[in-house]
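To start, the structure under review is shown below, and the notes come after it.
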Amino acid sequence: MRHAYREQLDMLIHDLLQMADFTKHAMESSTEALLTANLKLAEEVVDSIEVIEKRRNEASEKAFDILLLQSPLARELRLVVAAISIVDNLTRMGTLAIHVAKIARRRHPEVAVPEPLRGYISEMSRLGLKAASKVHDILTSADPDEALELLTDDDAVDDIHQHLFLLTTQREWPYSVREAVDLTLLSRYYERFSDHAVTIGERMVYLATGMNSEEYSESILEKQAEDEIRAKFKEVARRYDSTF
């Protein structure tokens with residue numbers, strides 16, 4: 001019985017990893033379709049909505065089956081509850097990739113983003129894909145320190161998002177209203193994609209430590225301060241050949 005229970009948990013994690021890989025690939029393909037006006041690739045991503053829904057349903061069913069039939073305790077309960085939330089976040093990440101692909105399809109054969117501004121979108125995509133890769137890694141390792149990195153990496157995405165918003169609202173905006181709307185939406189999609197990755201990171205911090213991200217960050221700082229004090233005492237003891 002216990003072996004079957006462990007297999008159920010492993011299968012649930014496997015489903016999450018597959019979803020993480022799928023959402024990363026979907027956003028990568030959407031960005032390529034967007035910046036190269038690749039209609040075929042855009043349509044492939046848009047059509048993947050059924051795959052996303054299917055994987056969400058399968059992972060959710062596994063999680064609820066474990067809750068209902070196995071009555072998990074302590075850390076395993078936190079794992080299943082976190083998985084339910086992570087499934088939702090991964091689904092939304094996949095949906096955001098589809099939104100990007102829809103803009104690419106709608107503007108074909110043109111490229112939706114003006115050429116001088118494409119670098120911003122490329123960078124937001126690069127950072128989002130990096131975050132998606134870290135999601136895969138922390139789902140595998142459950143390392144809270146690695147999960148915390150997602151929170152700090154998200155600042156760069158927020159900065160670009162804010163900068164693009166300012167550009168599109170300036171009076172001297174040199175492009176069309178349509179292009180301003182497209183760029184605003186795209187920036188929001190990439191920003192939300194990274195935000196969902198951050199939320200997954202926060203869930204994994206709680207899963208590994210039982211603390212939220214702020215509490216865990218504070219505990220790290222406190223430990224560092226304690227280690228520094230101990231190191232100073234050891235140095236004093238060494239110099240004066242004393243023991244404290």
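In the structure tokens, each chain is lettered A, B, ... as it comes, each chain's residues begin at 1, and ligands are numbered from 1 in order of appearance.
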Exercise: A:Glu32 partners within 12 Å, only C-alpha atoms, chain neighbours under 2 positions left out, as a VMD selection string | chain A and resid 25 to 30 34 to 42 45 97 100 to 101 104 to 105 111 to 112 118 121 to 122 125 to 126
Suppose you want the space between atom CA of A:Leu96 and atom CA of A:Val80; what is it in Å?
-> 24.6 Å
Identify, on the basis of only C-alpha atoms, every residue whose closest approach to A:Leu151 does not exceed 12 Å; exclude the query and any residue fewer than 6 positions from it along the same chain; express the result as a list in words.
-> Ala131, Lys134, Val135, Pro144, Asp145, Val157, Asp158, Ser194, Asp195, His196, Ala197, Val198, Thr199, Ile200, Gly201, Glu202, Arg203, Met204, Val205, Ser213, Glu214 and Ser217 of chain A
Next, write the just-selected residues to a file, as a short mmCIF file (atom, residue, chain, number, x, y, z; two decimals), in the first residue's frame, keeping N, CA, C and O atoms as the atom set.
```cif
data_model
loop_
_atom_site.label_atom_id
_atom_site.label_comp_id
_atom_site.auth_asym_id
_atom_site.auth_seq_id
_atom_site.Cartn_x
_atom_site.Cartn_y
_atom_site.Cartn_z
N ALA A 131 13.03 31.59 -16.05
CA ALA A 131 12.21 31.31 -14.87
C ALA A 131 11.51 29.96 -15.00
O ALA A 131 11.42 29.19 -14.03
N LYS A 134 13.87 27.26 -14.20
CA LYS A 134 14.08 27.14 -12.75
C LYS A 134 12.90 26.46 -12.08
O LYS A 134 13.07 25.74 -11.08
N VAL A 135 11.70 26.68 -12.61
CA VAL A 135 10.53 25.98 -12.08
C VAL A 135 10.74 24.47 -12.20
O VAL A 135 10.49 23.72 -11.25
N PRO A 144 14.84 25.36 -1.49
CA PRO A 144 14.24 26.67 -1.21
C PRO A 144 15.13 27.84 -1.61
O PRO A 144 14.62 28.90 -1.99
N ASP A 145 16.45 27.66 -1.55
CA ASP A 145 17.36 28.73 -1.96
C ASP A 145 17.25 29.00 -3.46
O ASP A 145 17.26 30.15 -3.91
N VAL A 157 12.13 41.68 -15.14
CA VAL A 157 10.95 41.63 -16.00
C VAL A 157 10.02 42.79 -15.67
O VAL A 157 9.48 43.46 -16.58
N ASP A 158 9.83 43.06 -14.40
CA ASP A 158 8.96 44.17 -13.98
C ASP A 158 9.50 45.51 -14.48
O ASP A 158 8.73 46.39 -14.88
N SER A 194 6.08 35.39 -15.94
CA SER A 194 7.13 35.35 -14.91
C SER A 194 6.53 35.39 -13.51
O SER A 194 7.05 34.75 -12.59
N ASP A 195 5.46 36.15 -13.34
CA ASP A 195 4.81 36.23 -12.02
C ASP A 195 4.32 34.86 -11.55
O ASP A 195 4.44 34.52 -10.37
N HIS A 196 3.76 34.10 -12.47
CA HIS A 196 3.28 32.76 -12.10
C HIS A 196 4.44 31.85 -11.71
O HIS A 196 4.31 31.02 -10.80
N ALA A 197 5.57 32.01 -12.39
CA ALA A 197 6.76 31.25 -12.00
C ALA A 197 7.21 31.62 -10.59
O ALA A 197 7.60 30.75 -9.80
N VAL A 198 7.14 32.91 -10.27
CA VAL A 198 7.48 33.37 -8.92
C VAL A 198 6.55 32.75 -7.88
O VAL A 198 6.98 32.31 -6.81
N THR A 199 5.27 32.72 -8.20
CA THR A 199 4.31 32.12 -7.28
C THR A 199 4.63 30.66 -7.01
O THR A 199 4.52 30.17 -5.88
N ILE A 200 5.03 29.95 -8.05
CA ILE A 200 5.44 28.55 -7.88
C ILE A 200 6.66 28.47 -6.96
O ILE A 200 6.75 27.61 -6.08
N GLY A 201 7.61 29.40 -7.16
CA GLY A 201 8.78 29.45 -6.28
C GLY A 201 8.39 29.65 -4.83
O GLY A 201 8.94 29.01 -3.93
N GLU A 202 7.44 30.54 -4.60
CA GLU A 202 6.98 30.79 -3.23
C GLU A 202 6.34 29.53 -2.63
O GLU A 202 6.53 29.23 -1.45
N ARG A 203 5.58 28.82 -3.44
CA ARG A 203 4.97 27.57 -2.98
C ARG A 203 6.03 26.55 -2.60
O ARG A 203 5.90 25.83 -1.60
N MET A 204 7.08 26.48 -3.39
CA MET A 204 8.13 25.51 -3.13
C MET A 204 8.95 25.88 -1.90
O MET A 204 9.44 25.00 -1.18
N VAL A 205 9.11 27.18 -1.64
CA VAL A 205 9.77 27.60 -0.40
C VAL A 205 8.97 27.11 0.80
O VAL A 205 9.52 26.56 1.77
N SER A 213 8.15 33.05 1.84
CA SER A 213 9.43 33.49 1.29
C SER A 213 10.08 34.57 2.14
O SER A 213 11.30 34.59 2.32
N GLU A 214 9.27 35.49 2.69
CA GLU A 214 9.83 36.56 3.52
C GLU A 214 10.41 36.00 4.81
O GLU A 214 11.51 36.39 5.24
N SER A 217 13.65 34.20 3.97
CA SER A 217 14.73 35.15 3.68
C SER A 217 15.29 35.73 4.97
O SER A 217 16.51 35.88 5.14
#
```
